[in-house]
Structure formats: structure tokens, C-alpha cells
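Pasted below: model-v4.json, JSON, C-alpha atoms.
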```json
[["chain", "number", "residue", "atom", "x", "y", "z"],
["B", 1, "MET", "CA", 2.52, -0.30, -21.64],
["B", 2, "GLY", "CA", 6.09, 0.07, -22.76],
["B", 3, "LEU", "CA", 7.61, 3.50, -23.10],
["B", 4, "VAL", "CA", 4.71, 5.55, -21.69],
["B", 5, "ALA", "CA", 4.41, 3.35, -18.60],
["B", 6, "ASP", "CA", 8.17, 3.48, -18.10],
["B", 7, "ILE", "CA", 8.26, 7.29, -18.28],
["B", 8, "LEU", "CA", 5.27, 7.60, -15.90],
["B", 9, "SER", "CA", 6.70, 5.11, -13.43],
["B", 10, "TRP", "CA", 10.10, 6.80, -13.36],
["B", 11, "ALA", "CA", 8.43, 10.18, -12.87],
["B", 12, "CYS", "CA", 6.55, 8.71, -9.89],
["B", 13, "LEU", "CA", 9.67, 7.03, -8.47],
["B", 14, "ILE", "CA", 11.75, 10.20, -8.75],
["B", 15, "GLY", "CA", 8.96, 12.32, -7.25],
["B", 16, "GLY", "CA", 8.52, 9.84, -4.40],
["B", 17, "SER", "CA", 12.26, 9.77, -3.74],
["B", 18, "PHE", "CA", 12.28, 13.56, -3.69],
["B", 19, "PHE", "CA", 9.54, 13.67, -1.03],
["B", 20, "THR", "CA", 11.22, 10.92, 1.02],
["B", 21, "ILE", "CA", 14.57, 12.75, 0.94],
["B", 22, "THR", "CA", 12.82, 16.03, 1.82],
["B", 23, "GLY", "CA", 11.20, 14.30, 4.78],
["B", 24, "ALA", "CA", 14.57, 12.98, 5.94],
["B", 25, "LEU", "CA", 16.11, 16.44, 5.49],
["B", 26, "GLY", "CA", 13.27, 17.94, 7.51],
["B", 27, "ILE", "CA", 13.83, 15.48, 10.37],
["B", 28, "VAL", "CA", 17.45, 16.67, 10.53],
["B", 29, "ARG", "CA", 16.92, 20.39, 9.93],
["B", 30, "LEU", "CA", 13.72, 21.40, 11.72],
["B", 31, "PRO", "CA", 14.28, 22.75, 15.23],
["B", 32, "ASP", "CA", 12.03, 20.75, 17.58],
["B", 33, "PHE", "CA", 10.19, 17.48, 18.11],
["B", 34, "TRP", "CA", 6.76, 18.65, 16.88],
["B", 35, "ALA", "CA", 8.07, 20.09, 13.62],
["B", 36, "ARG", "CA", 10.05, 16.91, 12.95],
["B", 37, "LEU", "CA", 6.89, 14.81, 13.25],
["B", 38, "HIS", "CA", 5.41, 16.78, 10.34],
["B", 39, "ALA", "CA", 8.56, 16.23, 8.29],
["B", 40, "SER", "CA", 8.19, 12.47, 8.71],
["B", 41, "GLY", "CA", 4.61, 12.87, 7.46],
["B", 42, "VAL", "CA", 5.88, 14.07, 4.07],
["B", 43, "ALA", "CA", 7.91, 10.89, 3.62],
["B", 44, "GLU", "CA", 5.16, 8.56, 4.76],
["B", 45, "SER", "CA", 2.29, 10.04, 2.74],
["B", 46, "GLY", "CA", 3.55, 11.70, -0.45],
["B", 47, "GLY", "CA", 6.75, 9.67, -0.76],
["B", 48, "MET", "CA", 5.07, 6.36, 0.04],
["B", 49, "ILE", "CA", 2.15, 6.85, -2.37],
["B", 50, "LEU", "CA", 4.33, 7.95, -5.30],
["B", 51, "ILE", "CA", 6.90, 5.16, -4.83],
["B", 52, "ILE", "CA", 4.21, 2.47, -4.59],
["B", 53, "LEU", "CA", 2.47, 3.92, -7.66],
["B", 54, "GLY", "CA", 5.74, 3.87, -9.57],
["B", 55, "LEU", "CA", 6.44, 0.28, -8.55],
["B", 56, "CYS", "CA", 2.90, -0.74, -9.58],
["B", 57, "LEU", "CA", 3.51, 0.73, -13.05],
["B", 58, "GLN", "CA", 6.80, -1.15, -13.27],
["B", 59, "ALA", "CA", 5.22, -4.46, -12.21],
["B", 60, "GLY", "CA", 2.35, -4.34, -14.71],
["B", 61, "TRP", "CA", -0.89, -6.30, -14.28],
["B", 62, "GLY", "CA", -0.53, -9.23, -11.87],
["B", 63, "LEU", "CA", -0.35, -10.50, -8.32],
["B", 64, "VAL", "CA", 2.68, -8.29, -7.54],
["B", 65, "THR", "CA", 0.68, -5.14, -8.25],
["B", 66, "VAL", "CA", -2.19, -6.39, -6.06],
["B", 67, "LYS", "CA", 0.25, -7.02, -3.22],
["B", 68, "LEU", "CA", 1.80, -3.57, -3.68],
["B", 69, "ILE", "CA", -1.66, -2.00, -3.48],
["B", 70, "ILE", "CA", -2.40, -3.99, -0.31],
["B", 71, "ILE", "CA", 0.90, -2.75, 1.19],
["B", 72, "GLY", "CA", -0.11, 0.79, 0.18],
["B", 73, "ILE", "CA", -3.53, 0.51, 1.89],
["B", 74, "PHE", "CA", -1.86, -0.91, 5.00],
["B", 75, "LEU", "CA", 0.65, 1.95, 5.19],
["B", 76, "PHE", "CA", -2.15, 4.45, 4.44],
["B", 77, "ILE", "CA", -3.88, 3.38, 7.67],
["B", 78, "THR", "CA", -0.94, 2.54, 9.96],
["B", 79, "GLY", "CA", 1.20, 5.58, 9.08],
["B", 80, "PRO", "CA", -1.09, 8.24, 10.55],
["B", 81, "THR", "CA", -2.06, 5.94, 13.42],
["B", 82, "SER", "CA", 1.54, 5.54, 14.55],
["B", 83, "THR", "CA", 2.22, 9.27, 14.11],
["B", 84, "HIS", "CA", -0.81, 10.00, 16.29],
["B", 85, "ALA", "CA", 0.44, 7.51, 18.91],
["B", 86, "ILE", "CA", 3.83, 9.26, 19.09],
["B", 87, "ALA", "CA", 2.27, 12.76, 19.24],
["B", 88, "ASN", "CA", -0.23, 11.71, 21.91],
["B", 89, "ALA", "CA", 2.51, 10.09, 24.02],
["B", 90, "ALA", "CA", 4.50, 13.34, 23.80],
["B", 91, "LEU", "CA", 1.51, 15.46, 24.87],
["B", 92, "VAL", "CA", 0.64, 13.16, 27.79],
["B", 93, "THR", "CA", 4.22, 13.28, 29.13],
["B", 94, "GLY", "CA", 4.29, 17.10, 29.04],
["B", 95, "TRP", "CA", 6.06, 18.02, 25.80],
["B", 96, "ARG", "CA", 4.42, 21.22, 24.58],
["B", 97, "PRO", "CA", 4.74, 22.78, 21.14],
["B", 98, "LYS", "CA", 6.00, 26.36, 21.22],
["B", 99, "PRO", "CA", 3.22, 28.56, 19.75],
["B", 100, "GLY", "CA", 4.28, 30.56, 16.70],
["B", 101, "THR", "CA", 4.55, 34.34, 16.52],
["B", 102, "GLY", "CA", 1.29, 36.22, 17.07],
["B", 103, "ILE", "CA", -0.77, 33.20, 18.13],
["B", 104, "GLU", "CA", -2.72, 33.27, 21.37],
["B", 105, "GLN", "CA", -4.42, 30.10, 22.46],
["B", 106, "LYS", "CA", -8.06, 30.58, 23.32],
["B", 107, "ASP", "CA", -8.49, 27.44, 25.42],
["B", 108, "THR", "CA", -5.90, 25.34, 27.16],
["B", 109, "PRO", "CA", -5.17, 21.97, 25.57],
["B", 110, "PRO", "CA", -5.37, 18.88, 27.80],
["B", 111, "PHE", "CA", -2.35, 17.73, 29.86],
["B", 112, "TYR", "CA", -1.00, 21.29, 30.10],
["B", 113, "ASP", "CA", -0.84, 20.90, 33.89],
["B", 114, "VAL", "CA", 1.78, 18.14, 33.54],
["B", 115, "LYS", "CA", 5.30, 19.22, 34.48],
["B", 116, "GLU", "CA", 7.54, 19.55, 31.45],
["B", 117, "PRO", "CA", 10.30, 16.95, 31.24],
["B", 118, "THR", "CA", 13.77, 18.30, 31.97],
["B", 119, "VAL", "CA", 15.53, 16.60, 29.02],
["B", 120, "ARG", "CA", 14.49, 18.24, 25.76],
["B", 121, "ASN", "CA", 15.41, 17.96, 22.07],
["Z", 122, "MET", "CA", -25.56, -10.79, 8.96],
["Z", 123, "VAL", "CA", -24.89, -9.34, 5.50],
["Z", 124, "ARG", "CA", -21.87, -7.57, 6.89],
["Z", 125, "THR", "CA", -20.46, -10.75, 8.45],
["Z", 126, "VAL", "CA", -20.79, -12.60, 5.12],
["Z", 127, "LEU", "CA", -19.21, -9.64, 3.33],
["Z", 128, "LEU", "CA", -16.34, -9.62, 5.81],
["Z", 129, "ALA", "CA", -15.75, -13.37, 5.32],
["Z", 130, "LEU", "CA", -15.77, -12.92, 1.53],
["Z", 131, "VAL", "CA", -13.30, -10.01, 1.68],
["Z", 132, "LEU", "CA", -10.98, -11.96, 4.00],
["Z", 133, "PHE", "CA", -11.16, -15.02, 1.73],
["Z", 134, "GLY", "CA", -10.43, -12.89, -1.35],
["Z", 135, "LEU", "CA", -7.46, -11.35, 0.48],
["Z", 136, "TRP", "CA", -6.20, -14.87, 1.30],
["Z", 137, "LEU", "CA", -6.45, -15.92, -2.36],
["Z", 138, "LEU", "CA", -4.60, -12.82, -3.55],
["Z", 139, "MET", "CA", -1.88, -13.03, -0.92],
["Z", 140, "SER", "CA", -1.17, -16.76, -1.14],
["Z", 141, "GLY", "CA", -1.03, -17.33, -4.91],
["Z", 142, "VAL", "CA", -1.14, -21.10, -4.28],
["Z", 143, "TYR", "CA", -4.37, -22.59, -5.63],
["Z", 144, "LYS", "CA", -4.49, -26.19, -4.25],
["Z", 145, "PRO", "CA", -7.69, -27.55, -2.68],
["Z", 146, "LEU", "CA", -6.04, -27.88, 0.76],
["Z", 147, "VAL", "CA", -4.75, -24.29, 0.81],
["Z", 148, "ILE", "CA", -8.03, -22.84, -0.48],
["Z", 149, "GLY", "CA", -9.96, -24.91, 2.09],
["Z", 150, "LEU", "CA", -7.73, -23.66, 4.91],
["Z", 151, "GLY", "CA", -8.25, -20.10, 3.65],
["Z", 152, "ALA", "CA", -12.03, -20.46, 3.58],
["Z", 153, "GLY", "CA", -12.00, -22.01, 7.07],
["Z", 154, "SER", "CA", -9.87, -19.26, 8.61],
["Z", 155, "ALA", "CA", -11.89, -16.50, 6.88],
["Z", 156, "LEU", "CA", -15.11, -17.96, 8.32],
["Z", 157, "ALA", "CA", -13.57, -18.38, 11.79],
["Z", 158, "ALA", "CA", -12.28, -14.78, 11.78],
["Z", 159, "ALA", "CA", -15.68, -13.43, 10.65],
["Z", 160, "CYS", "CA", -17.46, -15.41, 13.40],
["Z", 161, "ILE", "CA", -15.04, -14.13, 16.05],
["Z", 162, "VAL", "CA", -15.49, -10.53, 14.85],
["Z", 163, "ARG", "CA", -19.28, -10.97, 14.95],
["Z", 164, "ARG", "CA", -19.16, -12.28, 18.53],
["Z", 165, "MET", "CA", -16.92, -9.40, 19.57],
["Z", 166, "ALA", "CA", -19.06, -6.82, 17.74],
["Z", 167, "ARG", "CA", -22.09, -7.98, 19.74],
["Z", 168, "LEU", "CA", -20.34, -6.73, 22.88],
["Z", 169, "ASP", "CA", -20.27, -3.07, 21.80],
["Z", 170, "GLY", "CA", -23.55, -3.02, 19.88],
["Z", 171, "TYR", "CA", -22.04, -3.45, 16.38],
["Z", 172, "ARG", "CA", -20.38, -0.04, 16.51],
["Z", 173, "ALA", "CA", -17.28, -1.43, 14.80],
["Z", 174, "MET", "CA", -19.15, -2.80, 11.78],
["Z", 175, "GLU", "CA", -20.11, 0.39, 9.99],
["Z", 176, "ILE", "CA", -19.76, 0.55, 6.21],
["Z", 177, "PHE", "CA", -19.48, 3.62, 3.97],
["Z", 178, "ASN", "CA", -21.07, 3.85, 0.56],
["Z", 179, "PRO", "CA", -18.23, 2.52, -1.68],
["Z", 180, "LEU", "CA", -18.75, 5.01, -4.52],
["Z", 181, "ARG", "CA", -18.81, 8.03, -2.20],
["Z", 182, "ALA", "CA", -15.83, 6.63, -0.27],
["Z", 183, "PHE", "CA", -13.88, 6.36, -3.53],
["Z", 184, "THR", "CA", -14.75, 9.97, -4.45],
["Z", 185, "TYR", "CA", -13.60, 11.03, -1.00],
["Z", 186, "PHE", "CA", -10.36, 9.06, -1.48],
["Z", 187, "LEU", "CA", -9.60, 10.94, -4.71],
["Z", 188, "TRP", "CA", -10.35, 14.27, -2.98],
["Z", 189, "LEU", "CA", -8.07, 13.25, -0.11],
["Z", 190, "LEU", "CA", -5.25, 12.41, -2.56],
["Z", 191, "LYS", "CA", -5.56, 15.93, -3.99],
["Z", 192, "GLU", "CA", -5.39, 17.43, -0.48],
["Z", 193, "ILE", "CA", -2.35, 15.26, 0.35],
["Z", 194, "ALA", "CA", -0.58, 16.44, -2.80],
["Z", 195, "LEU", "CA", -1.26, 20.12, -2.04],
["Z", 196, "SER", "CA", -0.19, 19.94, 1.61],
["Z", 197, "ASN", "CA", 2.90, 17.88, 0.70],
["Z", 198, "ILE", "CA", 4.06, 20.74, -1.49],
["Z", 199, "ALA", "CA", 3.32, 23.26, 1.27],
["Z", 200, "VAL", "CA", 5.28, 21.32, 3.90],
["Z", 201, "THR", "CA", 8.14, 20.71, 1.45],
["Z", 202, "LYS", "CA", 8.44, 24.49, 1.09],
["Z", 203, "VAL", "CA", 8.56, 24.90, 4.88],
["Z", 204, "ILE", "CA", 11.30, 22.23, 5.16],
["Z", 205, "LEU", "CA", 13.38, 23.71, 2.34],
["Z", 206, "SER", "CA", 13.15, 27.12, 3.99],
["Z", 207, "GLY", "CA", 14.77, 25.52, 7.03],
["Z", 208, "GLY", "CA", 11.74, 26.15, 9.24],
["Z", 209, "ALA", "CA", 11.78, 29.93, 8.76],
["Z", 210, "THR", "CA", 8.11, 30.05, 7.69],
["Z", 211, "MET", "CA", 7.07, 27.78, 10.55],
["Z", 212, "ARG", "CA", 4.18, 28.91, 12.75],
["Z", 213, "GLN", "CA", 3.26, 26.11, 15.14],
["Z", 214, "ASN", "CA", -0.06, 26.00, 16.91],
["Z", 215, "LEU", "CA", -2.10, 23.51, 18.92],
["Z", 216, "PHE", "CA", -5.80, 24.20, 18.44],
["Z", 217, "ARG", "CA", -9.21, 22.67, 18.89],
["Z", 218, "VAL", "CA", -11.49, 21.50, 16.08],
["Z", 219, "ASN", "CA", -15.01, 20.16, 16.52],
["Z", 220, "ASN", "CA", -16.04, 17.00, 14.68],
["Z", 221, "THR", "CA", -19.60, 16.14, 13.65],
["Z", 222, "GLN", "CA", -19.28, 12.41, 12.86],
["Z", 223, "LYS", "CA", -21.72, 10.12, 14.60],
["Z", 224, "THR", "CA", -20.01, 6.78, 13.92],
["Z", 225, "ASP", "CA", -16.66, 5.63, 15.27],
["Z", 226, "LEU", "CA", -15.49, 4.84, 11.74],
["Z", 227, "GLY", "CA", -16.25, 8.40, 10.63],
["Z", 228, "ALA", "CA", -14.27, 9.87, 13.52],
["Z", 229, "VAL", "CA", -11.33, 7.52, 12.82],
["Z", 230, "VAL", "CA", -11.34, 8.44, 9.13],
["Z", 231, "TYR", "CA", -11.43, 12.15, 10.00],
["Z", 232, "ALA", "CA", -8.61, 11.91, 12.55],
["Z", 233, "ASN", "CA", -6.46, 9.81, 10.21],
["Z", 234, "SER", "CA", -7.16, 12.08, 7.23],
["Z", 235, "ILE", "CA", -5.97, 15.07, 9.27],
["Z", 236, "THR", "CA", -2.76, 13.27, 10.20],
["Z", 237, "LEU", "CA", -2.27, 11.92, 6.68],
["Z", 238, "THR", "CA", -2.20, 15.40, 5.15],
["Z", 239, "PRO", "CA", 1.25, 16.65, 6.15],
["Z", 240, "GLY", "CA", 1.27, 19.87, 8.14],
["Z", 241, "THR", "CA", -1.61, 18.95, 10.42],
["Z", 242, "LEU", "CA", -1.57, 16.26, 13.08],
["Z", 243, "THR", "CA", -4.25, 14.91, 15.43],
["Z", 244, "VAL", "CA", -2.76, 14.98, 18.91],
["Z", 245, "GLU", "CA", -5.65, 14.26, 21.26],
["Z", 246, "ILE", "CA", -9.20, 13.03, 20.78],
["Z", 247, "GLY", "CA", -12.19, 14.14, 22.83],
["Z", 248, "PRO", "CA", -15.83, 13.04, 22.62],
["Z", 249, "ASP", "CA", -16.78, 15.74, 20.06],
["Z", 250, "HIS", "CA", -13.54, 17.52, 19.28],
["Z", 251, "PHE", "CA", -9.93, 16.92, 18.28],
["Z", 252, "TRP", "CA", -6.77, 18.77, 19.26],
["Z", 253, "ILE", "CA", -4.79, 19.48, 16.12],
["Z", 254, "HIS", "CA", -1.17, 20.52, 15.87],
["Z", 255, "ALA", "CA", -0.32, 22.53, 12.76],
["Z", 256, "LEU", "CA", 3.19, 23.16, 11.43],
["Z", 257, "ALA", "CA", 2.45, 26.35, 9.51],
["Z", 258, "TYR", "CA", -0.77, 27.61, 11.08],
["Z", 259, "ASP", "CA", -2.94, 29.94, 9.10],
["Z", 260, "ASP", "CA", -6.33, 31.33, 10.17],
["Z", 261, "SER", "CA", -7.93, 29.65, 7.14],
["Z", 262, "ASP", "CA", -6.83, 26.20, 8.41],
["Z", 263, "ILE", "CA", -9.95, 25.92, 10.57],
["Z", 264, "TYR", "CA", -12.19, 26.36, 7.51],
["Z", 265, "ALA", "CA", -10.19, 23.82, 5.50],
["Z", 266, "LEU", "CA", -10.62, 21.31, 8.34],
["Z", 267, "ALA", "CA", -14.34, 22.07, 8.62],
["Z", 268, "ASP", "CA", -14.61, 21.37, 4.89],
["Z", 269, "MET", "CA", -12.92, 17.98, 5.38],
["Z", 270, "ASP", "CA", -15.23, 17.31, 8.33],
["Z", 271, "ALA", "CA", -18.30, 17.97, 6.14],
["Z", 272, "HIS", "CA", -16.94, 15.65, 3.43],
["Z", 273, "ILE", "CA", -16.58, 12.75, 5.89],
["Z", 274, "THR", "CA", -19.91, 13.35, 7.63],
["Z", 275, "ALA", "CA", -21.56, 13.13, 4.19],
["Z", 276, "LEU", "CA", -20.09, 9.63, 3.81],
["Z", 277, "GLU", "CA", -21.83, 8.29, 6.89],
["Z", 278, "PRO", "CA", -24.99, 6.19, 6.47],
["Z", 279, "ARG", "CA", -28.17, 8.12, 7.24],
["Z", 280, "THR", "CA", -30.13, 6.76, 10.19]]
```

Take the structure in the file and give it back as C-alpha cells.
Amino acid sequence: MGLVADILSWACLIGGSFFTITGALGIVRLPDFWARLHASGVAESGGMILIILGLCLQAGWGLVTVKLIIIGIFLFITGPTSTHAIANAALVTGWRPKPGTGIEQKDTPPFYDVKEPTVRN
Amino acid sequence: MVRTVLLALVLFGLWLLMSGVYKPLVIGLGAGSALAAACIVRRMARLDGYRAMEIFNPLRAFTYFLWLLKEIALSNIAVTKVILSGGATMRQNLFRVNNTQKTDLGAVVYANSITLTPGTLTVEIGPDHFWIHALAYDDSDIYALADMDAHITALEPRT
């Protein structure tokens, strides 16, 4: 503990903050709904793990660290689940991702017969 | 039965860690609620033939967790590059991937692992396949996902 733990924990906290800020930047900068979902994924996986790791190193051995790890496990499971719920709701209501350049889809994804909503972005 | 006892023990341990108050009354209440929750789960699991009570081998699951952390780190860096380029290197695609897991837990872990690695996202779930949305699609993505699929199928208990 001491100096080494402090340096490691600050490295983790700064790295986590960087990923969280990048995720926020992506939500603002990326052009459409589907791309923004991926940007939020950076904040909720990389940013979350590094910040919780940094906080664990700051807290040292004890109940606080155990609770932080439990929070981490909880977010590890609920984060992707909620992202999936949002993406699935979008697909079911007819929001389609625009395929990138040079990609042809071999088979049609489900719910592609639903009329696209008129309000977008 | 072993699984129900294990579940009660894990719930009780969680109660002890979360409460931090070690008086006989509080510990007794914790033990009582852990037992009640385990009994309710057992009754409910009977309805669907114990499909929800699968367990992975802990050691293999831990190895998989470390591998997943490595994948998350790599794809985080990749998506960060896409964001910092302002979306110029974006190549979105919605494609189909088959999954080979037999248990519900395996399929859930696979779908959540895909979503947890930034850049890929499970959008829809079918009986033996997923629809994946990728931010920066590459033809090698399908092989990377098949690799992850094999890792998770190896975790499942042999029957």
C-alpha cells in the first residue's frame, strides 16, 4: 500500500475518466441513434471498470471495497441488459441502422417490415 | 438441492457483507430472508424444469472473465478511436450470428458479453441465433464472435 497503490489508483481513475468523457463526447458527436448507443457502451464498460478499480485501490481492504465490487458486478450485468433493451425497442418500432459503405445484407433482419417512424434523430 | 443450499448461503453472505451490523437479531433476520428467498426460487424453478439454476465451473468462469476483460480493453480502444475520428471510420452493419449454447445461462452470458464489449451490440435474440449491430464492421468480426461463442460453450456443464 502507500505510494504504489496511490499511483495505480490514480492511473485507473484518470483512465476511467478518460473513457467516460470519450463516451459522453461520442454521444454528442456521432451522427445517429445506433452509433450513439455504442458510445455509451465505452462509458459503461471501460470507464465503469477502471473507476471502480481505482476506488477499490483507494479504499484498501475492508467492507467498502467489497461493496464497490458488488456495485461493479451489478453494473457489469445490468449495463448490457439495459443497452440491449433500448436497442431492441428501437428495432421493434422500426428504427433501422444505415448500413455502411460496401455492405450488402445477406438476410433481412426481423421487424424490417415495420414502417419507419417519421420523427428521426 | 445442493444448488438451493448454495444459493441460500450466497444470499446470506451477501446480507452479512452489505449490512455490516452483527447483532443476533439482524443476523437472524438475514438468515431467515435468505432461506425464504432460496425456497421461493426453488418453487419457481420447478415450474420451468430448473432451467434457471445452471452453474458454471467457477475456475473456468474466472478464466473466461479475465479473457473478457482483455477483449473489453481492446474494443474500448477501438471504439475510442472511432469516436475521436468523429465517426469517419464508422461502418455500421446489422448481421446474424449463430450461437451454440444449450443452457439459458450460456446464451445470456454470450449475449451480454457481446453487448459489454463496445462496438458490438445484441439487438434481437432468436432460438439459435442473435442479431448483432456493429459500429465499425469488419469481415473478421464474425470469426471473433465465433471465438467468443466457443469460449462460452466450453464453460457449460457437460450432459

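Coordinates place CA of Val64 (chain B) at a distance of 11.3 Å from CA of Ile52 (chain B).
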
Worksheet item: Quick one: residues within 12 Å of Gly134 (chain Z), only C-alpha atoms counted, chain neighbours fewer than 4 positions away excluded, as an MDAnalysis selection string?
Response: (chainID B and resid 66) or (chainID Z and resid 127:130 138:141 148 151:152 154:156)

List every residue of chain B that has an atom at most 9 Å from any atom of chain Z, giving for each one its closest atom pair and the distance in Å to one decimal, counting only C-alpha atoms, sorted by chain and then by ascending residue number, as a Markdown table.
```
| residue | atom | partner | partner_atom | distance |
| --- | --- | --- | --- | --- |
| B:Phe19 | CA | Z:Thr201 | CA | 7.6 |
| B:Thr22 | CA | Z:Thr201 | CA | 6.6 |
| B:Gly23 | CA | Z:Thr201 | CA | 7.8 |
| B:Leu25 | CA | Z:Ile204 | CA | 7.5 |
| B:Gly26 | CA | Z:Ile204 | CA | 5.3 |
| B:Ile27 | CA | Z:Ile204 | CA | 8.9 |
| B:Arg29 | CA | Z:Gly207 | CA | 6.3 |
| B:Leu30 | CA | Z:Gly208 | CA | 5.7 |
| B:Pro31 | CA | Z:Gly208 | CA | 7.3 |
| B:Trp34 | CA | Z:Leu256 | CA | 7.9 |
| B:Ala35 | CA | Z:Leu256 | CA | 6.2 |
| B:Leu37 | CA | Z:Leu242 | CA | 8.6 |
| B:His38 | CA | Z:Gly240 | CA | 5.6 |
| B:Ala39 | CA | Z:Ile204 | CA | 7.3 |
| B:Ser40 | CA | Z:Pro239 | CA | 8.5 |
| B:Gly41 | CA | Z:Pro239 | CA | 5.2 |
| B:Val42 | CA | Z:Pro239 | CA | 5.7 |
| B:Glu44 | CA | Z:Leu237 | CA | 8.4 |
| B:Ser45 | CA | Z:Leu237 | CA | 6.3 |
| B:Gly46 | CA | Z:Asn197 | CA | 6.3 |
| B:Leu63 | CA | Z:Leu138 | CA | 6.8 |
| B:Val66 | CA | Z:Leu138 | CA | 7.3 |
| B:Lys67 | CA | Z:Met139 | CA | 6.8 |
| B:Ile70 | CA | Z:Leu135 | CA | 9.0 |
| B:Phe76 | CA | Z:Leu237 | CA | 7.8 |
| B:Ile77 | CA | Z:Asn233 | CA | 7.4 |
| B:Gly79 | CA | Z:Leu237 | CA | 7.6 |
| B:Pro80 | CA | Z:Thr236 | CA | 5.3 |
| B:Thr81 | CA | Z:Asn233 | CA | 6.7 |
| B:Thr83 | CA | Z:Thr236 | CA | 7.5 |
| B:His84 | CA | Z:Val244 | CA | 6.0 |
| B:Ala85 | CA | Z:Val244 | CA | 8.1 |
| B:Ile86 | CA | Z:Val244 | CA | 8.7 |
| B:Ala87 | CA | Z:Val244 | CA | 5.5 |
| B:Asn88 | CA | Z:Val244 | CA | 5.1 |
| B:Ala89 | CA | Z:Val244 | CA | 8.8 |
| B:Ala90 | CA | Z:Val244 | CA | 8.9 |
| B:Leu91 | CA | Z:Val244 | CA | 7.3 |
| B:Arg96 | CA | Z:Leu215 | CA | 8.9 |
| B:Pro97 | CA | Z:Gln213 | CA | 7.0 |
| B:Lys98 | CA | Z:Gln213 | CA | 6.7 |
| B:Pro99 | CA | Z:Asn214 | CA | 5.0 |
| B:Gly100 | CA | Z:Arg212 | CA | 4.3 |
| B:Thr101 | CA | Z:Arg212 | CA | 6.6 |
| B:Gly102 | CA | Z:Arg212 | CA | 9.0 |
| B:Ile103 | CA | Z:Asn214 | CA | 7.3 |
| B:Glu104 | CA | Z:Asn214 | CA | 8.9 |
| B:Gln105 | CA | Z:Phe216 | CA | 7.3 |
| B:Lys106 | CA | Z:Phe216 | CA | 8.3 |
| B:Asp107 | CA | Z:Arg217 | CA | 8.1 |
| B:Thr108 | CA | Z:Phe216 | CA | 8.8 |
| B:Pro109 | CA | Z:Trp252 | CA | 7.3 |
| B:Pro110 | CA | Z:Glu245 | CA | 8.0 |
```

Worksheet entry | Computed interatomic separation between CA of Val114 (chain B) and CA of Pro248 (chain Z) (Å) | 21.3 Å

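Taking CA of Val218 (chain Z) as the reference point, CA of Met269 (chain Z) is found at 11.4 Å.
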
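Here the question is which of B:Trp61, B:Phe74, B:Phe33, B:Phe18 gets nearest to Gly47 (chain B) using only C-alpha atoms, and that residue is B:Phe18.
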
Residues near Val4 (chain B), cut-off 12 Å, all atoms listed in the file, skip fewer than 6 positions along chain, as a PDB file with C-alpha atoms, keeping the file's coordinate frame:
```pdb
ATOM      1  CA  TRP B  10      10.100   6.800 -13.360  1.00  0.00           C
ATOM      2  CA  ALA B  11       8.430  10.180 -12.870  1.00  0.00           C
ATOM      3  CA  LEU B  57       3.510   0.730 -13.050  1.00  0.00           C
ATOM      4  CA  GLN B  58       6.800  -1.150 -13.270  1.00  0.00           C
TER       5      GLN B  58
END
```
